[in-house]
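Peer 1: File upload_28.txt below, compact mmCIF, C-alpha atoms:
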```
# COMPACT_ATOMS: atom_id res chain seq x y z
CA MET A 278 -85.44 -23.35 -72.72
CA GLN A 279 -85.73 -22.41 -69.07
CA SER A 280 -83.92 -25.56 -68.02
CA ASN A 281 -81.04 -24.63 -70.33
CA ARG A 282 -80.89 -21.16 -68.83
CA ARG A 283 -80.87 -22.60 -65.30
CA ALA A 284 -78.05 -24.97 -66.22
CA LEU A 285 -76.04 -22.10 -67.72
CA ILE A 286 -76.57 -19.88 -64.66
CA GLN A 287 -75.64 -22.70 -62.26
CA SER A 288 -72.46 -23.48 -64.19
CA SER A 289 -71.53 -19.78 -64.21
CA ILE A 290 -72.08 -19.55 -60.44
CA SER A 291 -69.92 -22.62 -59.81
CA VAL A 292 -67.13 -21.16 -61.95
CA LEU A 293 -67.33 -17.86 -60.03
CA GLN A 294 -67.27 -19.70 -56.72
CA CYS A 295 -64.19 -21.62 -57.75
CA ASN A 296 -62.48 -18.48 -58.90
CA SER A 297 -63.49 -16.64 -55.74
CA GLN A 298 -61.95 -19.44 -53.69
CA ASP A 299 -58.74 -19.64 -55.71
CA LEU A 300 -57.94 -16.01 -56.42
CA PRO A 301 -57.97 -14.60 -52.91
CA VAL A 302 -55.77 -17.41 -51.63
CA THR A 303 -53.30 -16.88 -54.48
CA LYS A 304 -53.23 -13.11 -53.95
CA LEU A 305 -52.85 -13.49 -50.17
CA GLU A 306 -49.94 -15.84 -50.64
CA CYS A 307 -48.28 -13.33 -53.01
CA VAL A 308 -48.84 -10.46 -50.62
CA ASN A 309 -47.46 -12.45 -47.68
CA GLN A 310 -44.45 -13.48 -49.71
CA LYS A 311 -43.74 -9.88 -50.76
CA CYS A 312 -44.15 -8.67 -47.19
CA GLN A 313 -41.64 -11.26 -46.01
CA GLU A 314 -39.23 -10.20 -48.73
CA ASN A 315 -39.62 -6.56 -47.73
CA VAL A 316 -39.01 -7.40 -44.08
CA THR A 317 -35.86 -9.27 -45.08
CA LEU A 318 -34.55 -6.59 -47.42
CA HIS A 319 -35.58 -3.59 -45.30
CA PRO A 320 -35.46 -4.49 -41.61
CA LYS A 321 -37.32 -2.18 -39.30
CA ILE A 322 -35.28 0.88 -38.46
CA PRO A 323 -35.10 1.28 -34.68
CA PRO A 324 -36.60 4.47 -33.27
CA PRO A 325 -34.11 7.28 -32.71
CA LYS A 326 -32.56 7.53 -29.29
CA LYS A 327 -33.62 10.25 -26.95
CA HIS A 328 -31.42 13.30 -27.44
CA LEU A 329 -30.39 13.18 -23.77
CA ASN A 330 -28.54 9.95 -24.47
CA TYR A 331 -26.58 11.60 -27.30
CA PHE A 332 -25.46 14.33 -24.89
CA ASN A 333 -24.26 11.73 -22.37
CA ASP A 334 -22.50 9.56 -24.98
CA SER A 335 -20.66 12.36 -26.73
CA GLY A 336 -19.85 14.19 -23.49
CA ILE A 337 -17.98 11.16 -22.14
CA ALA A 338 -16.16 10.72 -25.45
CA GLY A 339 -15.12 14.38 -25.56
CA GLY A 340 -13.72 14.38 -22.02
CA ILE A 341 -11.57 11.28 -22.59
CA GLU A 342 -10.30 12.49 -25.96
CA ILE A 343 -9.03 15.89 -24.82
CA CYS A 344 -7.06 14.45 -21.88
CA ILE A 345 -5.20 12.19 -24.34
CA THR A 346 -4.46 14.74 -27.05
CA PHE A 347 -3.99 18.06 -25.25
CA PRO A 348 -0.16 18.41 -25.51
CA THR A 349 -0.44 18.57 -29.31
CA GLU A 350 -3.10 21.28 -28.93
CA TYR A 351 -0.75 23.23 -26.65
CA VAL A 352 2.12 23.08 -29.17
CA LYS A 353 -0.16 24.05 -32.06
CA THR A 354 -1.47 27.09 -30.19
CA GLN A 355 2.02 28.26 -29.20
CA LEU A 356 3.24 28.02 -32.81
CA GLN A 357 0.22 29.95 -34.06
CA LEU A 358 0.77 32.71 -31.49
CA ASP A 359 4.47 32.91 -32.38
CA GLU A 360 4.52 35.90 -34.73
CA LYS A 361 7.34 36.32 -37.22
CA ALA A 362 7.53 40.07 -36.51
CA ASN A 363 8.44 39.59 -32.83
CA PRO A 364 10.82 37.64 -33.80
CA PRO A 365 9.65 34.01 -33.46
CA ARG A 366 10.47 32.25 -30.20
CA TYR A 367 10.28 28.67 -31.42
CA LYS A 368 12.19 27.00 -34.26
CA GLY A 369 9.61 24.26 -34.66
CA ILE A 370 7.53 21.62 -32.92
CA VAL A 371 10.41 19.88 -31.14
CA ASP A 372 11.93 23.16 -29.99
CA CYS A 373 8.57 24.28 -28.59
CA VAL A 374 8.26 21.06 -26.58
CA LYS A 375 11.87 21.33 -25.33
CA GLN A 376 11.52 24.94 -24.19
CA THR A 377 8.20 24.27 -22.48
CA VAL A 378 9.48 21.22 -20.57
CA ARG A 379 12.72 23.05 -19.67
CA ASP A 380 10.96 26.13 -18.31
CA HIS A 381 7.77 24.65 -16.85
CA GLY A 382 8.24 20.89 -16.66
CA VAL A 383 6.04 18.31 -18.36
CA LYS A 384 2.97 19.83 -16.72
CA GLY A 385 3.63 22.94 -18.81
CA LEU A 386 2.37 21.02 -21.84
CA TYR A 387 -0.99 20.82 -20.08
CA ARG A 388 -1.36 24.54 -19.44
CA GLY A 389 -4.96 25.44 -20.32
CA LEU A 390 -6.16 21.83 -20.13
CA SER A 391 -8.78 22.64 -17.50
CA SER A 392 -10.60 25.03 -19.82
CA LEU A 393 -10.82 22.36 -22.52
CA VAL A 394 -11.86 19.61 -20.09
CA TYR A 395 -14.65 21.78 -18.72
CA GLY A 396 -15.55 22.84 -22.24
CA SER A 397 -14.97 19.69 -24.29
CA ILE A 398 -17.65 17.65 -22.57
CA PRO A 399 -20.47 20.12 -23.32
CA LYS A 400 -18.86 20.90 -26.71
CA ALA A 401 -19.05 17.28 -27.86
CA ALA A 402 -22.51 16.98 -26.34
CA VAL A 403 -23.82 20.01 -28.24
CA ARG A 404 -22.08 18.88 -31.45
CA PHE A 405 -23.44 15.35 -31.56
CA GLY A 406 -26.75 16.29 -29.98
CA MET A 407 -27.40 18.94 -32.64
CA PHE A 408 -26.13 16.68 -35.44
CA GLU A 409 -28.43 13.85 -34.42
CA PHE A 410 -31.36 16.22 -33.96
CA LEU A 411 -30.91 17.62 -37.48
CA SER A 412 -30.06 14.29 -39.10
CA ASN A 413 -33.17 12.61 -37.65
CA LYS A 414 -35.20 15.26 -39.46
CA MET A 415 -33.43 14.61 -42.78
CA ARG A 416 -33.02 10.82 -42.95
CA ASP A 417 -35.02 8.93 -45.55
CA GLU A 418 -37.54 6.15 -44.80
CA SER A 419 -34.79 3.55 -44.49
CA GLY A 420 -32.87 5.71 -42.00
CA LYS A 421 -30.12 6.64 -44.49
CA LEU A 422 -28.41 10.04 -44.53
CA ASP A 423 -26.54 11.03 -47.69
CA SER A 424 -23.22 12.92 -47.63
CA THR A 425 -24.73 16.29 -48.64
CA GLN A 426 -27.24 16.05 -45.80
CA GLY A 427 -24.36 15.08 -43.52
CA LEU A 428 -22.54 18.27 -44.55
CA ILE A 429 -25.59 20.42 -43.78
CA CYS A 430 -26.16 18.75 -40.40
CA GLY A 431 -22.45 19.07 -39.59
CA LEU A 432 -22.53 22.77 -40.44
CA GLY A 433 -25.45 23.30 -38.09
CA ALA A 434 -23.72 21.32 -35.35
CA GLY A 435 -20.51 23.33 -35.77
CA VAL A 436 -22.24 26.72 -35.61
CA ALA A 437 -24.21 25.64 -32.51
CA GLU A 438 -21.14 24.43 -30.62
CA ALA A 439 -19.17 27.55 -31.60
CA ILE A 440 -21.75 29.92 -30.15
CA VAL A 441 -22.74 27.93 -27.08
CA VAL A 442 -19.41 26.46 -25.95
CA VAL A 443 -16.35 26.73 -28.18
CA CYS A 444 -15.81 30.49 -28.38
CA PRO A 445 -15.57 31.13 -24.61
CA MET A 446 -13.70 27.86 -24.07
CA GLU A 447 -11.13 28.58 -26.78
CA THR A 448 -10.70 32.20 -25.69
CA VAL A 449 -9.84 31.14 -22.15
CA LYS A 450 -7.56 28.35 -23.39
CA VAL A 451 -5.60 30.62 -25.75
CA LYS A 452 -5.21 33.31 -23.06
CA PHE A 453 -3.94 30.72 -20.58
CA ILE A 454 -1.39 29.31 -23.03
CA HIS A 455 -0.30 32.78 -24.15
CA ASP A 456 -0.01 33.90 -20.51
CA GLN A 457 2.53 31.16 -19.80
CA THR A 458 4.98 32.75 -22.24
CA SER A 459 4.79 36.09 -20.40
CA ALA A 460 7.60 37.19 -18.08
CA ASN A 461 5.12 37.37 -15.19
CA PRO A 462 2.15 35.04 -15.76
CA LYS A 463 -0.97 36.49 -14.13
CA TYR A 464 -3.40 33.56 -14.17
CA ARG A 465 -2.99 31.19 -11.20
CA GLY A 466 -5.61 28.69 -12.31
CA PHE A 467 -8.76 28.20 -14.32
CA PHE A 468 -11.25 29.93 -12.04
CA HIS A 469 -8.84 32.72 -11.12
CA GLY A 470 -8.08 33.25 -14.81
CA VAL A 471 -11.75 33.40 -15.79
CA ARG A 472 -12.45 35.86 -12.95
CA GLU A 473 -9.57 38.08 -14.07
CA ILE A 474 -10.67 38.03 -17.72
CA VAL A 475 -14.26 38.92 -16.80
CA ARG A 476 -13.12 41.56 -14.27
CA THR A 477 -10.80 43.36 -16.70
CA GLN A 478 -12.64 42.83 -19.99
CA GLY A 479 -16.19 41.92 -19.07
CA LEU A 480 -18.05 38.92 -20.46
CA LYS A 481 -17.10 39.97 -23.98
CA GLY A 482 -13.53 39.10 -23.01
CA THR A 483 -14.55 35.43 -23.17
CA TYR A 484 -16.16 35.87 -26.58
CA GLN A 485 -13.26 37.23 -28.61
CA GLY A 486 -13.00 36.04 -32.20
CA LEU A 487 -16.61 34.83 -32.33
CA THR A 488 -16.89 35.30 -36.10
CA ALA A 489 -13.67 33.40 -36.77
CA THR A 490 -14.74 30.68 -34.33
CA VAL A 491 -18.14 30.23 -36.00
CA LEU A 492 -16.47 30.05 -39.43
CA LYS A 493 -13.86 27.59 -38.17
CA GLN A 494 -16.22 25.28 -36.26
CA GLY A 495 -18.92 25.41 -38.91
CA SER A 496 -16.50 24.43 -41.68
CA ASN A 497 -14.80 21.92 -39.36
CA GLN A 498 -17.89 19.89 -38.64
CA ALA A 499 -19.33 20.30 -42.14
CA ILE A 500 -16.19 18.76 -43.63
CA ARG A 501 -15.87 16.04 -40.97
CA PHE A 502 -19.47 14.85 -41.06
CA TYR A 503 -19.56 15.05 -44.86
CA VAL A 504 -16.50 12.78 -45.13
CA MET A 505 -17.64 10.51 -42.29
CA THR A 506 -21.14 10.08 -43.74
CA ALA A 507 -19.77 9.41 -47.23
CA LEU A 508 -17.33 6.77 -45.93
CA ARG A 509 -19.97 5.09 -43.78
CA ASN A 510 -22.43 4.90 -46.68
CA TRP A 511 -19.72 3.50 -48.94
CA TYR A 512 -18.77 0.86 -46.37
CA LYS A 513 -22.35 -0.22 -45.63
CA GLY A 514 -23.41 -0.32 -49.28
CA ASP A 515 -27.00 -1.57 -49.65
CA ASN A 516 -27.21 -2.84 -46.06
CA PRO A 517 -27.89 0.08 -43.66
CA GLN A 518 -27.80 -2.30 -40.69
CA LYS A 519 -24.23 -3.49 -41.35
CA THR A 520 -22.07 -2.97 -38.27
CA ILE A 521 -18.76 -1.13 -38.53
CA ASN A 522 -15.70 -2.38 -36.67
CA PRO A 523 -14.33 0.22 -34.18
CA LEU A 524 -10.95 0.21 -35.96
CA VAL A 525 -12.66 1.02 -39.25
CA THR A 526 -14.58 3.80 -37.50
CA GLY A 527 -11.26 5.14 -36.20
CA VAL A 528 -9.70 5.15 -39.67
CA PHE A 529 -12.74 6.93 -41.12
CA GLY A 530 -12.57 9.46 -38.29
CA ALA A 531 -8.87 10.13 -38.88
CA VAL A 532 -9.50 10.71 -42.60
CA ALA A 533 -12.35 13.09 -41.80
CA GLY A 534 -10.15 14.94 -39.30
CA ALA A 535 -7.28 15.30 -41.77
CA ALA A 536 -9.66 16.70 -44.39
CA SER A 537 -10.87 19.36 -41.96
CA VAL A 538 -7.31 20.35 -41.01
CA PHE A 539 -6.23 20.99 -44.59
CA GLY A 540 -9.56 22.64 -45.31
CA ASN A 541 -9.65 25.27 -42.56
CA THR A 542 -6.32 25.74 -40.77
CA PRO A 543 -6.14 29.40 -41.98
CA LEU A 544 -9.37 30.08 -40.08
CA ASP A 545 -7.89 28.37 -37.02
CA VAL A 546 -4.80 30.62 -37.13
CA ILE A 547 -6.97 33.76 -37.40
CA LYS A 548 -9.16 32.56 -34.53
CA THR A 549 -6.13 31.93 -32.33
CA ARG A 550 -4.70 35.40 -32.99
CA MET A 551 -8.07 37.02 -32.29
CA GLN A 552 -8.25 35.27 -28.92
CA GLY A 553 -4.66 35.85 -27.75
CA LEU A 554 -3.45 38.44 -25.22
CA GLU A 555 -2.57 40.78 -28.09
CA ALA A 556 -5.94 40.56 -29.82
CA HIS A 557 -6.36 44.32 -29.34
CA LYS A 558 -4.03 44.83 -32.34
CA TYR A 559 -6.77 43.60 -34.67
CA LYS A 560 -9.90 45.58 -35.48
CA SER A 561 -11.80 42.61 -36.86
CA THR A 562 -11.44 39.12 -38.31
CA VAL A 563 -10.78 40.53 -41.77
CA ASP A 564 -8.20 43.01 -40.38
CA CYS A 565 -6.41 40.14 -38.63
CA ALA A 566 -6.24 38.15 -41.88
CA ILE A 567 -4.92 41.15 -43.81
CA LYS A 568 -2.20 41.89 -41.24
CA ILE A 569 -1.04 38.27 -41.12
CA MET A 570 -0.77 38.21 -44.91
CA LYS A 571 0.98 41.57 -45.03
CA HIS A 572 3.57 41.00 -42.30
CA GLU A 573 4.09 37.23 -42.35
CA GLY A 574 3.02 35.97 -45.76
CA PRO A 575 0.61 33.17 -46.77
CA ALA A 576 2.68 30.46 -45.05
CA ALA A 577 1.68 31.94 -41.67
CA PHE A 578 -1.89 30.78 -42.26
CA TYR A 579 -0.68 27.20 -41.97
CA LYS A 580 1.31 27.55 -38.76
CA GLY A 581 0.78 24.62 -36.44
CA THR A 582 -0.59 22.40 -39.20
CA VAL A 583 1.52 19.37 -38.28
CA PRO A 584 0.70 19.28 -34.55
CA ARG A 585 -2.90 20.17 -35.35
CA LEU A 586 -3.04 17.35 -37.89
CA GLY A 587 -1.80 14.88 -35.30
CA ARG A 588 -4.20 16.10 -32.63
CA VAL A 589 -7.27 16.38 -34.85
CA CYS A 590 -6.80 12.96 -36.47
CA MET A 591 -6.54 11.39 -33.01
CA ASP A 592 -9.34 13.63 -31.75
CA VAL A 593 -11.90 12.71 -34.39
CA ALA A 594 -10.92 9.03 -34.48
CA ILE A 595 -11.10 8.65 -30.69
CA VAL A 596 -14.34 10.62 -30.32
CA PHE A 597 -16.15 8.63 -33.00
CA ILE A 598 -14.89 5.27 -31.65
CA ILE A 599 -15.73 6.07 -28.04
CA TYR A 600 -19.04 7.61 -29.02
CA GLU A 601 -20.13 4.53 -30.99
CA GLU A 602 -19.04 2.15 -28.22
CA VAL A 603 -20.64 4.21 -25.44
CA VAL A 604 -23.84 4.29 -27.50
CA LYS A 605 -23.82 0.48 -27.61
CA VAL A 606 -23.30 0.20 -23.84
CA LEU A 607 -25.95 2.76 -22.94
CA ASN A 608 -28.39 1.18 -25.36
CA LYS A 609 -28.16 -1.98 -23.25
CA VAL A 610 -28.49 -0.37 -19.83
CA TRP A 611 -30.74 2.58 -20.77
CA LYS A 612 -33.70 1.46 -22.83
CA THR A 613 -35.26 4.18 -24.99
CA ASP A 614 -38.03 2.24 -26.72
```
Could you express the structure from this file as structure tokens?
Peer 2:
Amino acid sequence: MQSNRRALIQSSISVLQCNSQDLPVTKLECVNQKCQENVTLHPKIPPPKKHLNYFNDSGIAGGIEICITFPTEYVKTQLQLDEKANPPRYKGIVDCVKQTVRDHGVKGLYRGLSSLVYGSIPKAAVRFGMFEFLSNKMRDESGKLDSTQGLICGLGAGVAEAIVVVCPMETVKVKFIHDQTSANPKYRGFFHGVREIVRTQGLKGTYQGLTATVLKQGSNQAIRFYVMTALRNWYKGDNPQKTINPLVTGVFGAVAGAASVFGNTPLDVIKTRMQGLEAHKYKSTVDCAIKIMKHEGPAAFYKGTVPRLGRVCMDVAIVFIIYEEVVKVLNKVWKTD
């Protein structure tokens, strides 16, 4: 009886030993295989770059872009300042260019460029720096950002750049361009102009139209980053590491820029009027909108759309292309791991 029990116990132990040898190996192989599959399907997302790099990348992109596209910005601003009640000075885009070149030479199309060059570098830096800061907080585990999150991050970036950089920069630019149409221009250059504005109006003279600027820039970047994020996600599909050709990036940027133009040009017109030399005629942003509607009609809210469309499409396309390429270069020479 005891011998039978011993035989039964020994056989049970041998079975357990076999199972204990087989099962762990089988499970380990399965786990290793799944891990390898996960590594293949979900490659490790690289750590986010230091924010200082984003400021450098986007600052360079912004400076190059504005030097290329400024004449269209000049024409857009002149058309938006050209009130119907005055009567209008320009018959259209071509006439504006002709009159400017005739009276001031080709360099007249670059009046106010200095304010945008000095401002565009920190503007782009604040925009992309804030966007990346916010987006790094909102990305999922795979590093993906959906279009709604892109809209929210873009809105935050637009509000930040409006308050920190864009409002004073745009105020100075608009005053410079408006001053050129005066019988006796009073600003001899960027620094002289800024000194005169501050001397006669105080620091608040460089922050005219802040509300309109915040609304414009916030909606601008919300629309652009929403469209850009949606297009990028569509292009990459299920592979977040798929590279995007610079030309494709440029096309996506142009589409995003066009969407923002049609979405918020009325705010841009109001902002321009609030920052011009005759801004004293308006009590507030709402008062400016009411007076434009009353005296000039709804079409006035879309003045300068064509030149703005051309400039913004080039602007956004160039900035995103240059930004992406500068990021690649700096990633090679400036390690952030």
Peer 1: So which residues touch Asp372 in chain A within 12 Å, counting all atoms listed in the file, skipping near sequence neighbours fewer than 5 positions away, as a list in words?
Peer 2: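 Answer for this query is Val352, Gln355, Leu356, Pro365, Arg366, Tyr367, Thr377, Val378 and Arg379 of chain A.
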Peer 1: Which range 481-567 of chain A residues have any atom within 10 Å of an atom of range 578-582 of chain A, and for each, what is the nearest pair of atoms with distance in Å to one decimal, counting all atoms listed in the file, rows sorted by chain and number, as a tab-separated table?
Peer 2:
```
residue	atom	partner	partner_atom	distance
A:Val538	CA	A:Thr582	CA	7.3
A:Phe539	CA	A:Thr582	CA	7.9
A:Asn541	CA	A:Tyr579	CA	9.2
A:Thr542	CA	A:Tyr579	CA	5.9
A:Pro543	CA	A:Phe578	CA	4.5
A:Leu544	CA	A:Phe578	CA	7.8
A:Asp545	CA	A:Phe578	CA	8.3
A:Val546	CA	A:Phe578	CA	5.9
A:Ile547	CA	A:Phe578	CA	7.6
A:Ala566	CA	A:Phe578	CA	8.6
```
Peer 1: So how far away is CA of Asp456 in chain A from CA of Gly482 in chain A, in Å?
Peer 2: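 Distance between the two atoms: 14.7 Å.
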Peer 1: Mind giving me the straight-line distance from CA of Gly406 in chain A to CA of Gln552 in chain A in Å, one decimal?
Peer 2: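 Separation between CA of Gly406 in chain A and CA of Gln552 in chain A: 26.5 Å.
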Peer 1: So that I can see what lies close to range 466-477 of chain A, please list as a ChimeraX atom specification the residues with an atom at most 10 Å from it, counting all atoms listed in the file and leaving out residues fewer than 2 positions away in the same chain.
Peer 2: /A:388-392,395,445,448-450,452-453,456,463-464,479-483
Peer 1: Please determine, counting only C-alpha atoms, which residue among A:Pro523, A:Asp380, A:Lys493, A:Pro462 has the shortest atom-to-atom distance to Val603 in chain A.
Peer 2: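 Of all the options, A:Pro523 lies closest to Val603 in chain A.
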Peer 1: Using all atoms listed in the file, which residue out of A:Val610, A:Ile500, A:Val443, A:Ala576 lies closest to Cys430 in chain A?
Peer 2: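 The answer is A:Ile500, which sits nearest to Cys430 in chain A.
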Peer 1: What is the CA of Val596 in chain A-CA of Glu418 in chain A distance in Å, reported with one decimal?
Peer 2: 27.7 Å
Peer 1: Set the distance at 12 Å and use all atoms listed in the file: which residues neighbour Thr520 in chain A once local chain neighbours fewer than 4 positions away are removed? I'd like the list as a ChimeraX atom specification.
Peer 2: /A:509-510,512-514,516,524-526,601-602,605
Peer 1: Quick one: residues within 12 Å of Val441 in chain A, only C-alpha atoms counted, chain neighbours fewer than 2 positions away excluded, as a compact mmCIF listing (two decimals) with C-alpha atoms, in the frame of the given file?
Peer 2:
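Heads up, here's the output in out-v2.txt:
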```txt
# COMPACT_ATOMS: atom_id res chain seq x y z
CA GLY A 396 -15.55 22.84 -22.24
CA SER A 397 -14.97 19.69 -24.29
CA PRO A 399 -20.47 20.12 -23.32
CA LYS A 400 -18.86 20.90 -26.71
CA ALA A 401 -19.05 17.28 -27.86
CA ALA A 402 -22.51 16.98 -26.34
CA VAL A 403 -23.82 20.01 -28.24
CA ARG A 404 -22.08 18.88 -31.45
CA MET A 407 -27.40 18.94 -32.64
CA ALA A 434 -23.72 21.32 -35.35
CA GLY A 435 -20.51 23.33 -35.77
CA VAL A 436 -22.24 26.72 -35.61
CA ALA A 437 -24.21 25.64 -32.51
CA GLU A 438 -21.14 24.43 -30.62
CA ALA A 439 -19.17 27.55 -31.60
CA VAL A 443 -16.35 26.73 -28.18
CA CYS A 444 -15.81 30.49 -28.38
CA PRO A 445 -15.57 31.13 -24.61
CA MET A 446 -13.70 27.86 -24.07
CA GLU A 447 -11.13 28.58 -26.78
CA THR A 483 -14.55 35.43 -23.17
CA TYR A 484 -16.16 35.87 -26.58
CA LEU A 487 -16.61 34.83 -32.33
CA THR A 490 -14.74 30.68 -34.33
CA VAL A 491 -18.14 30.23 -36.00
CA GLN A 494 -16.22 25.28 -36.26
```
Peer 1: Restricting the calculation to only C-alpha atoms, which member of A:Leu393, A:Ala577, A:Gly433, A:Val504 is positioned closest to Ser412 in chain A?
Peer 2: A:Gly433
Peer 1: Listed atoms of range 587-600 of chain A, axis-aligned box, 6 Å per side: centre and edge lengths to one decimal in Å, as AutoDock Vina command-line options?
Peer 2:
```
--center_x -10.4 --center_y 10.8 --center_z -32.3 --size_x 29.2 --size_y 23.1 --size_z 20.4
```
Peer 1: Could you pull the residues within 9 Å of Val532 in chain A, counting all atoms listed in the file, minus those fewer than 5 positions along the same chain, as a CSV table (one decimal) with C-alpha atoms, keeping the file's coordinate frame?
Peer 2:
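The file below, out.csv, is the result:
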```
chain,number,residue,atom,x,y,z
A,501,ARG,CA,-15.9,16.0,-41.0
A,504,VAL,CA,-16.5,12.8,-45.1
A,505,MET,CA,-17.6,10.5,-42.3
A,527,GLY,CA,-11.3,5.1,-36.2
A,537,SER,CA,-10.9,19.4,-42.0
A,590,CYS,CA,-6.8,13.0,-36.5
A,593,VAL,CA,-11.9,12.7,-34.4
A,594,ALA,CA,-10.9,9.0,-34.5
```
Peer 1: My list of candidates is A:Asn413, A:Gln518, A:Ser561, A:Gln357. Which is closest to Gly427 in chain A when distances are computed with all atoms listed in the file?
Peer 2: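 Of all the options, A:Asn413 lies closest to Gly427 in chain A.
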Peer 1: Which residue gives the smallest distance to Asp592 in chain A among A:Val394, A:Val563, A:Ala536, A:Ala531, with all atoms listed in the file counted?
Peer 2: A:Ala531
Peer 1: Which residue out of A:Gly382, A:Gly587, A:Pro364, A:Pro517 has the minimum interatomic distance to Thr349 in chain A when only C-alpha atoms are used?
Peer 2: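 Using only C-alpha atoms, Thr349 in chain A sits closest to A:Gly587.
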